[in-house]
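Undergrad: Got a structure for you, written out below as structure tokens; questions coming shortly.
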Amino acid sequence: MPSCSWSNTFAPFSLQKACLCLAFSALVLLPASTVIGGQPQEVPPTIEVLSPENWEILVPKGKEVDAIYGDFVLRNAHFTAVIAQPIESRNANMTVRNVGGCLIDLTANHHPGDQLSAWYPGRRKQTFRNPQHTTSSDGRVSLTMEAAGSETLPACSIQWSLGPQDHSLQLTTTWKNTSEKDLTFSLEDDVRADGGKEEMLKSPDGEAAVFTIHDTYWEQAYGWRSPGYRIRSNSNARESVLVYESESQKSVTLTPGESFTHARSIFVARDLVELRAVMDHSIRAEAGQPAMFSSPQVESWGPEVRVLDASGKSVEVGKLKFRQGDEFAGSRRLERRPVSHLPLKPGTWEMTYTYAGKDYGSQPLVISEESSSGQQSVIELKFSEFQPGKAIISIVDGDNKPIPAKVEFLGRGETAKPNFGPESAEYLVGNLAYTASGRVETILQQGQYDLIISHGPEYDAEFTRVQIESGKTAELKVVLKRVVNTEGWVSADFHSHSSPSGDNTSSQLGRVLNLAAEHIEFAPCTEHNRVSSYSDHIAFLGLSQHLATVSGMELTGSPLPLNHQNVFPMIHRPRTQDGGGPTTDASPETQMERIVAWDDHSEKLIQQNHPDLGWLFYDKNGDQQPDEGYSRSFPLMNVMEVHPIDPILNLQPMYSYDGKVVGNQTIFNWLQLLNQGYRIYGVVNTDSHYNFHGSGGLRLWLKSLTDEPGSISSDEMRDVARSGKIVMSNGPFLDVHFSGPLNSSLPSIPGEDFSARDGRVRASIRVESPNWIEIDTVFVLVNGRRRDDLVFTAESHPEYFAKGSVKFSQTLDFEIKEDSHLIVVAGHRTATLGDVAGPFWGTQHPAAVTNPVFVDVNDGMFTSSKDTLDAKLPVKFIAPK
């Protein structure tokens with residue numbers, strides 16, 4: 001487990017972990033260049049096929065690595081690249097598809113951290129096959145593949161290559177017209193590199209000599225160059241299209257039998273300033289000009305710069321931003337390094353220091369010829385506006401044991417709210433600090449901060465304040481008491497995502513931190529279209545006694561958003577395509593049948609995700625006319641997502657947002673389905689994709705034989721969920737038992753059946769919540785309908801409601817006249833979850849809903865009411881124009 005001081009620094013922990021792994025790998029296999037006896041010794045570059053035997057040595061590191069066995073690694077002293085094996089089924093992830101022959105991973109060896117999704121040669125117009133790799137007499141390695149021509153496209157071969165000291169991976173494409181007519185085409189590629197607009201900086205749209213991408217937080221920069229051509233680019237948050245044009249040539253026309261060759265290169269470096277230096281270095285070498293930097297080690301190029309705070313102490317957090325005149329030249333994160341080499345060209349630079357989202361002034365930096373070449377001593381830059389102190393916060397439970405937690409920092413008065421990192425980050429996300437160890441240690445600008453410290457809704461939150469003084473450490477110990485009694489139940493979230501899903505860029509380690517800090521005790525790993533696992537992260541963070549998991553996936557097909565199913569447990573086959581999981585199908589029925597059959601028909605929980613229940617059950621062709629729906633899937637799904645949950649407090653057939661009808665109200669439609677005889681149990685999950693207040697806003701409580709997360713059985717969780725022993729909630733805990741007053745058998749809990757021959761029912765209801773969640777309403781739904789005698793509010797029955805953690809505890813006796821499913825609801829009609837839950841989840845009204853108990857009053861088979869609750873059964877929702 002990492003030490004506490006590492007666990008809450010500004011540096012991404014996965015990067016620290018990657019550096020340790022790379023250091024270990026270097027002990028096993030020397031990189032293409034190493035130092036022996038004080039002199040750099042060249043070792044030839046390598047090209048190898050990834051296998052179990054060489055994986056740990058060769059595979060690059062980074063949040064976006066998508067390599068699997070069978071892919072090709074090209075590696076030299078400076079960088080490591082992965083080219084996907086050219087087979088039809090090769091997908092990097094759900095949204096980066098058909099990558100055979102493409103560059104899918106690329107990272108600088110001295111600062112590993114792949115942030116590239118894919119570079120597609122020729123903009124995905126052709127399919128490459130027949131890979132051949134060679135090593136030339138001068139040590140250059142090459143990987144060649146081919147694509148057949150047609151009447152509309154020329155035949156095409158691509159060659160990826162690098163030499164011993166190359167700072168770039170070269171791509172050379174040769175086209176040949178194999179048709180009997182002239183063919184005209186553009187020289188173009190496209191690139192996938194995903195990230196938020198604040199951290200993933202791409203060259204402005206337009207024409208330039210080079211195209212660059214720089215992830216300023218996760219720190220990896222890429223540059224494209226094609227000698228003799230300008231690059232016209234057009235980018236969005238995901239894709240960049242690159243078109244190569246010369247002054248005389250906007251496109252290429254080939255006559256029959258004619259060929260044409262085009263070369264371009266991709267460079268990689270730690271950040272934009274280093275990237276520009278590397279590209280300049282290569283251009284000088286091509287032109288036969290002397291190098292600006294003599295060292296072969298890129299990380300030692302340029303003068304050493306040390307950042308000082310107002311007191312003259314070295315600063316090891318935040319970043320420097322560089323500008324020369326009107327030109328923004330990039331930024332450099334300090335990452336616990338008091339001194340950083342900056343390979344800047346000679347001249348005067350404006351250096352701005354920023355930390356936690358705030359700038360603390362600018363200083364001029366004059367780079368001379370001597371300092372640029374690294375011959376000058378350390379340059380110190382002092383930023384007098386930055387007056388930091390340190391906060392050390394220890395979080396323990398009522399037994400004085402450290403626990404995972406979430407800490408929110410809010411500036412008071414003129415003190416700014418910090419913004420530590422993007423929503424994809426790990427330990428420091430926005431104004432939050434997440435800790436696995438119960439210790440937060442972070443730098444803050446002097447000032448006063450309000451703190452909200454929490455560990456999910458079974459614990460009281462702590463609302464306190466800390467004063468940060470420059471140069472001093474403020475230490476705080478916080479006790480979070482577990483005030484909600486959930487004995488016999490464990491909390492769960494069945495639906496979470498991170499970067500391997502392909503539709504977001506969040507760290508998976510950050511997702512695990514989110515889950516643990518929010519006191520989720522069981523969480524299957526459910527990435528899109530990939531079987532994956534949280535196990536390594538849990539072990540690394542020392543969370544095995546706090547969070548249980550199992551491998552699973554979300555199989556995400558089309559039509560969207562209907563054809564999405566979560567499933568666990570699944571057999572995880574690491575480093576293989578899709579982690580060994582099934583592929584999607586255009587038919588939701590066939591896709592679900594495929595899930596059932598996978599892993600030799602193993603027992604699984606199959607969850608229908610965020611459905612339009614009208615479309616799924618009553619309108620298969622989507623024409624808004626009732627039909628049989630996707631009926632083959634009905635007996636296969638065990639549970640279905642019914643969130644949002646709080647609309648059940650004031651239930652309507654349609655879901656409205658901002659005054660507009662935006663969809664069928666899922667939880668209302670679920671009640672209708674129950675009345676039609678479908679026993680598909682309800683669940684609510686966060687479906688979280690990012691790490692800023694990502695997990696925790698919705699949860700389940702599952703009946704469990706153990707209260708210790710380290711002892712949770714995933715098979716038991718599967719079986720419990722399949723039997724409906726589930727309470728759904730966004731915070732309040734709801735404990736309900738039903739029985740008949742004359743029935744001597746054990747009380748029934750959600751998901752169970754019992755017989756009440758005389759129609760008399762007794763319900764024992766207990767609602768608990770911490771100090772940040774209010775409750776003012778409890779009611780029982782009988783076959784989906786409210787009964788006036790079973791609605792209790794703080795106004796109508798003030799004696800039933802209390803102020804402590806136990807908000808409501810009553811035993812109710814009532815009668816039913818027909819077979820009925822009974823659901824208990826608790827919540828607050830006006831209050832919201834508020835700041836503890838964050839700006840998104842915090843807008844919800846507190847709500848908890850049990851799954852149904854089925855009561856038979858005829859001492860026979862349970863008979864469904866068929867009541868549609870004064871509304872038509874739903875069909876596919878189509879937004880009104």
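Going through the structure tokens in order, the chains are called A, B, and so on, while each chain numbers its residues from 1 and the ligands are numbered from 1 in the order shown.
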Give the strand (DSSP E) residues of stretch 598-755 of chain A, as DSSP finds them on the backbone, and put them as a PDB file with N, CA and C atoms, in the first residue's frame.
TA:
ATOM      1  N   LEU A 605     -25.762 -12.669 -13.209  1.00  0.00           N
ATOM      2  CA  LEU A 605     -26.807 -11.658 -13.056  1.00  0.00           C
ATOM      3  C   LEU A 605     -26.827 -10.860 -14.345  1.00  0.00           C
ATOM      4  N   ILE A 606     -27.992 -10.772 -14.970  1.00  0.00           N
ATOM      5  CA  ILE A 606     -28.144  -9.980 -16.188  1.00  0.00           C
ATOM      6  C   ILE A 606     -29.036  -8.785 -15.871  1.00  0.00           C
ATOM      7  N   GLN A 607     -28.495  -7.630 -16.088  1.00  0.00           N
ATOM      8  CA  GLN A 607     -29.166  -6.374 -15.744  1.00  0.00           C
ATOM      9  C   GLN A 607     -29.452  -5.587 -17.015  1.00  0.00           C
ATOM     10  N   GLN A 608     -30.712  -5.235 -17.218  1.00  0.00           N
ATOM     11  CA  GLN A 608     -31.072  -4.356 -18.332  1.00  0.00           C
ATOM     12  C   GLN A 608     -30.795  -2.917 -17.914  1.00  0.00           C
ATOM     13  N   VAL A 639     -32.719  -8.226 -13.447  1.00  0.00           N
ATOM     14  CA  VAL A 639     -33.023  -6.932 -12.839  1.00  0.00           C
ATOM     15  C   VAL A 639     -32.983  -5.873 -13.938  1.00  0.00           C
ATOM     16  N   MET A 640     -33.592  -4.730 -13.665  1.00  0.00           N
ATOM     17  CA  MET A 640     -33.546  -3.616 -14.611  1.00  0.00           C
ATOM     18  C   MET A 640     -33.359  -2.308 -13.842  1.00  0.00           C
ATOM     19  N   GLU A 641     -32.629  -1.409 -14.472  1.00  0.00           N
ATOM     20  CA  GLU A 641     -32.436  -0.096 -13.872  1.00  0.00           C
ATOM     21  C   GLU A 641     -33.723   0.712 -13.985  1.00  0.00           C
ATOM     22  N   MET A 654     -44.771  10.298 -17.172  1.00  0.00           N
ATOM     23  CA  MET A 654     -43.710  10.793 -18.042  1.00  0.00           C
ATOM     24  C   MET A 654     -42.668  11.532 -17.219  1.00  0.00           C
ATOM     25  N   TYR A 655     -41.445  11.533 -17.735  1.00  0.00           N
ATOM     26  CA  TYR A 655     -40.326  12.185 -17.065  1.00  0.00           C
ATOM     27  C   TYR A 655     -40.104  13.553 -17.690  1.00  0.00           C
ATOM     28  N   SER A 656     -40.109  14.576 -16.870  1.00  0.00           N
ATOM     29  CA  SER A 656     -39.926  15.939 -17.345  1.00  0.00           C
ATOM     30  C   SER A 656     -38.643  16.521 -16.784  1.00  0.00           C
ATOM     31  N   TYR A 657     -38.013  17.366 -17.580  1.00  0.00           N
ATOM     32  CA  TYR A 657     -36.808  18.076 -17.153  1.00  0.00           C
ATOM     33  C   TYR A 657     -36.865  19.484 -17.704  1.00  0.00           C
ATOM     34  N   LYS A 660     -39.874  20.332 -19.769  1.00  0.00           N
ATOM     35  CA  LYS A 660     -40.141  19.610 -21.006  1.00  0.00           C
ATOM     36  C   LYS A 660     -40.230  18.112 -20.734  1.00  0.00           C
ATOM     37  N   VAL A 661     -41.147  17.448 -21.433  1.00  0.00           N
ATOM     38  CA  VAL A 661     -41.245  15.992 -21.345  1.00  0.00           C
ATOM     39  C   VAL A 661     -40.084  15.391 -22.132  1.00  0.00           C
ATOM     40  N   VAL A 662     -39.270  14.576 -21.467  1.00  0.00           N
ATOM     41  CA  VAL A 662     -38.058  14.063 -22.103  1.00  0.00           C
ATOM     42  C   VAL A 662     -38.012  12.537 -22.162  1.00  0.00           C
ATOM     43  N   GLY A 663     -39.036  11.856 -21.632  1.00  0.00           N
ATOM     44  CA  GLY A 663     -38.987  10.406 -21.714  1.00  0.00           C
ATOM     45  C   GLY A 663     -40.066   9.738 -20.896  1.00  0.00           C
ATOM     46  N   ASN A 664     -40.218   8.434 -21.112  1.00  0.00           N
ATOM     47  CA  ASN A 664     -41.077   7.650 -20.242  1.00  0.00           C
ATOM     48  C   ASN A 664     -40.479   7.625 -18.837  1.00  0.00           C
ATOM     49  N   TYR A 681     -36.766  -7.436 -11.106  1.00  0.00           N
ATOM     50  CA  TYR A 681     -36.577  -6.574  -9.943  1.00  0.00           C
ATOM     51  C   TYR A 681     -35.871  -5.282 -10.327  1.00  0.00           C
ATOM     52  N   GLY A 682     -36.105  -4.262  -9.537  1.00  0.00           N
ATOM     53  CA  GLY A 682     -35.566  -2.941  -9.808  1.00  0.00           C
ATOM     54  C   GLY A 682     -34.210  -2.725  -9.153  1.00  0.00           C
ATOM     55  N   VAL A 683     -33.345  -1.985  -9.857  1.00  0.00           N
ATOM     56  CA  VAL A 683     -32.060  -1.545  -9.299  1.00  0.00           C
ATOM     57  C   VAL A 683     -31.835  -0.093  -9.713  1.00  0.00           C
ATOM     58  N   ARG A 699     -27.365   3.946  -4.998  1.00  0.00           N
ATOM     59  CA  ARG A 699     -26.791   2.701  -4.469  1.00  0.00           C
ATOM     60  C   ARG A 699     -27.889   1.690  -4.210  1.00  0.00           C
ATOM     61  N   LEU A 700     -27.435   0.471  -3.996  1.00  0.00           N
ATOM     62  CA  LEU A 700     -28.292  -0.632  -3.600  1.00  0.00           C
ATOM     63  C   LEU A 700     -27.853  -1.130  -2.242  1.00  0.00           C
ATOM     64  N   TRP A 701     -28.790  -1.656  -1.484  1.00  0.00           N
ATOM     65  CA  TRP A 701     -28.435  -2.489  -0.337  1.00  0.00           C
ATOM     66  C   TRP A 701     -28.927  -3.903  -0.634  1.00  0.00           C
ATOM     67  N   LEU A 702     -28.019  -4.857  -0.531  1.00  0.00           N
ATOM     68  CA  LEU A 702     -28.308  -6.257  -0.828  1.00  0.00           C
ATOM     69  C   LEU A 702     -28.262  -7.068   0.456  1.00  0.00           C
ATOM     70  N   LYS A 703     -29.198  -7.971   0.610  1.00  0.00           N
ATOM     71  CA  LYS A 703     -29.178  -8.868   1.758  1.00  0.00           C
ATOM     72  C   LYS A 703     -27.901  -9.695   1.725  1.00  0.00           C
ATOM     73  N   ILE A 726     -33.342  -6.607  -2.536  1.00  0.00           N
ATOM     74  CA  ILE A 726     -32.647  -5.368  -2.862  1.00  0.00           C
ATOM     75  C   ILE A 726     -33.469  -4.186  -2.368  1.00  0.00           C
ATOM     76  N   VAL A 727     -32.782  -3.236  -1.758  1.00  0.00           N
ATOM     77  CA  VAL A 727     -33.358  -1.930  -1.463  1.00  0.00           C
ATOM     78  C   VAL A 727     -32.623  -0.905  -2.327  1.00  0.00           C
ATOM     79  N   MET A 728     -33.374  -0.058  -3.029  1.00  0.00           N
ATOM     80  CA  MET A 728     -32.795   0.977  -3.889  1.00  0.00           C
ATOM     81  C   MET A 728     -32.809   2.309  -3.147  1.00  0.00           C
ATOM     82  N   SER A 729     -31.751   3.104  -3.351  1.00  0.00           N
ATOM     83  CA  SER A 729     -31.670   4.343  -2.578  1.00  0.00           C
ATOM     84  C   SER A 729     -30.698   5.324  -3.218  1.00  0.00           C
ATOM     85  N   PHE A 733     -31.450   4.623   4.300  1.00  0.00           N
ATOM     86  CA  PHE A 733     -31.536   3.169   4.423  1.00  0.00           C
ATOM     87  C   PHE A 733     -32.936   2.808   4.879  1.00  0.00           C
ATOM     88  N   LEU A 734     -33.519   1.796   4.240  1.00  0.00           N
ATOM     89  CA  LEU A 734     -34.895   1.395   4.489  1.00  0.00           C
ATOM     90  C   LEU A 734     -34.914  -0.090   4.811  1.00  0.00           C
ATOM     91  N   ASP A 735     -35.332  -0.403   6.024  1.00  0.00           N
ATOM     92  CA  ASP A 735     -35.404  -1.802   6.477  1.00  0.00           C
ATOM     93  C   ASP A 735     -36.871  -2.154   6.669  1.00  0.00           C
ATOM     94  N   VAL A 736     -37.347  -3.154   5.917  1.00  0.00           N
ATOM     95  CA  VAL A 736     -38.773  -3.482   5.901  1.00  0.00           C
ATOM     96  C   VAL A 736     -38.952  -4.986   6.043  1.00  0.00           C
ATOM     97  N   HIS A 737     -39.899  -5.372   6.898  1.00  0.00           N
ATOM     98  CA  HIS A 737     -40.301  -6.775   7.021  1.00  0.00           C
ATOM     99  C   HIS A 737     -41.820  -6.841   6.971  1.00  0.00           C
ATOM    100  N   PHE A 738     -42.343  -7.788   6.195  1.00  0.00           N
ATOM    101  CA  PHE A 738     -43.785  -7.987   6.097  1.00  0.00           C
ATOM    102  C   PHE A 738     -44.148  -9.352   6.671  1.00  0.00           C
ATOM    103  N   SER A 739     -45.311  -9.411   7.249  1.00  0.00           N
ATOM    104  CA  SER A 739     -45.833 -10.693   7.735  1.00  0.00           C
ATOM    105  C   SER A 739     -47.339 -10.564   7.872  1.00  0.00           C
ATOM    106  N   ASP A 753     -42.105 -13.902  -1.191  1.00  0.00           N
ATOM    107  CA  ASP A 753     -43.553 -14.112  -1.190  1.00  0.00           C
ATOM    108  C   ASP A 753     -43.985 -14.534   0.208  1.00  0.00           C
ATOM    109  N   PHE A 754     -45.220 -14.173   0.540  1.00  0.00           N
ATOM    110  CA  PHE A 754     -45.810 -14.795   1.725  1.00  0.00           C
ATOM    111  C   PHE A 754     -47.325 -14.815   1.563  1.00  0.00           C
ATOM    112  N   SER A 755     -47.962 -15.624   2.384  1.00  0.00           N
ATOM    113  CA  SER A 755     -49.407 -15.807   2.305  1.00  0.00           C
ATOM    114  C   SER A 755     -50.085 -15.105   3.473  1.00  0.00           C
TER     115      SER A 755
END
Undergrad: Any idea what's packed within 12 Å of stretch 555-563 of chain A, counting only C-alpha atoms, ignoring anything in its chain fewer than 4 positions away? Could you give it as number ranges by chain?
TA: A: 93-95, 495, 501-503, 526-531, 567-568, 570, 578, 581-596, 598, 606-617, 619-622, 629-630, 633, 640-641, 876-877
Undergrad: Distance atom CA of A:Ser454-atom CA of A:Val849, one decimal place?
TA: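 Interatomic distance here is 23.1 Å.
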Undergrad: Extract, using only C-alpha atoms, all DNA, RNA and protein residues at most 12 Å from A:Asp280, discarding same-chain residues fewer than 2 positions from it, and format them as a list of chain:residue names.
TA: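 Using only C-alpha atoms, the neighbours found are A:His167, A:Ser168, A:Val210, A:Gly223, A:Arg225, A:Phe267, A:Val273, A:Glu274, A:Leu275, A:Arg276, A:Ala277, A:Val278, A:Ser282, A:Ile283, A:Arg284, A:Ala285, A:Glu286, A:Ala287, A:Gln289, A:Pro290, A:Ala291, A:Met292, A:Phe293, A:Pro343, A:Leu344, A:Lys345.
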Undergrad: Do you have the atom CA of A:Ile158-atom CA of A:Gly70 distance handy?
TA: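 Taking atom CA of A:Ile158 and atom CA of A:Gly70, their separation equals 18.5 Å.
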Undergrad: Rounded to one decimal in Å, what is the spacing between atom CA of A:Arg124 and atom CA of A:Val241?
TA: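 Straight-line distance from atom CA of A:Arg124 to atom CA of A:Val241 works out to 11.1 Å.
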Undergrad: Enumerate, in order of chain and increasing residue number, the residues of stretch 275-362 of chain A with an atom no farther than 12 Å from stretch 389-393 of chain A, each with its shortest atom pair and distance in Å to one decimal, counting only C-alpha atoms, as CSV.
TA:
residue,atom,partner,partner_atom,distance
A:Asp309,CA,A:Gly389,CA,10.4
A:Ala310,CA,A:Gly389,CA,11.1
A:Ser311,CA,A:Gly389,CA,10.8
A:Lys313,CA,A:Gly389,CA,11.2
A:Val315,CA,A:Gly389,CA,11.1
A:Val317,CA,A:Lys390,CA,11.7
Undergrad: Based on the backbone DSSP call, show me all residues of stretch 700-767 of chain A assigned helix (DSSP H, G or I), as a PyMOL selection string.
TA: chain A and resi 709-711+714-722
Undergrad: Quick one: residues within 8 Å of A:His572, only C-alpha atoms counted, chain neighbours fewer than 4 positions away excluded, as a short mmCIF file (atom, residue, chain, number, x, y, z; two decimals) with N, CA, C and O atoms, in the first residue's frame?
TA:
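And here is the file that came out, selection18.cif:
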data_model
loop_
_atom_site.label_atom_id
_atom_site.label_comp_id
_atom_site.auth_asym_id
_atom_site.auth_seq_id
_atom_site.Cartn_x
_atom_site.Cartn_y
_atom_site.Cartn_z
N VAL A 531 -14.48 -7.25 -20.62
CA VAL A 531 -14.40 -7.83 -19.29
C VAL A 531 -13.13 -7.28 -18.64
O VAL A 531 -12.04 -7.35 -19.21
N SER A 532 -13.28 -6.73 -17.47
CA SER A 532 -12.14 -6.10 -16.79
C SER A 532 -12.25 -6.37 -15.31
O SER A 532 -13.15 -7.09 -14.85
N SER A 533 -11.32 -5.82 -14.54
CA SER A 533 -11.25 -6.13 -13.12
C SER A 533 -10.72 -4.95 -12.33
O SER A 533 -9.85 -4.22 -12.79
N SER A 551 -15.28 -9.61 -11.70
CA SER A 551 -15.20 -9.21 -13.10
C SER A 551 -16.57 -9.29 -13.76
O SER A 551 -17.32 -10.24 -13.54
N GLY A 552 -16.84 -8.31 -14.59
CA GLY A 552 -18.09 -8.27 -15.35
C GLY A 552 -17.91 -7.36 -16.54
O GLY A 552 -16.80 -7.02 -16.92
N GLY A 579 -11.12 -8.58 -23.29
CA GLY A 579 -10.96 -9.29 -22.01
C GLY A 579 -11.61 -10.65 -22.01
O GLY A 579 -11.87 -11.22 -20.95
N GLY A 580 -11.87 -11.19 -23.23
CA GLY A 580 -12.50 -12.50 -23.33
C GLY A 580 -14.01 -12.45 -23.32
O GLY A 580 -14.66 -13.49 -23.19
N GLY A 581 -14.60 -11.25 -23.45
CA GLY A 581 -16.04 -11.13 -23.39
C GLY A 581 -16.72 -11.32 -24.74
O GLY A 581 -16.07 -11.34 -25.79
#
Undergrad: I'd like to know which of A:Asn234, A:Ser437, A:Ser265, A:Ser294 is closest to A:Phe540, using only C-alpha atoms.
TA: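 Selected residue with least distance to A:Phe540: A:Ser437.
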Undergrad: Got a sec: who's within 8 Å of stretch 135-143 of chain A, counting only C-alpha atoms, leaving out chain neighbours fewer than 4 positions off, as JSON, numbers by chain?
TA: {"A": [44, 45, 46, 47, 74, 131, 159, 160, 161, 162, 163, 164]}
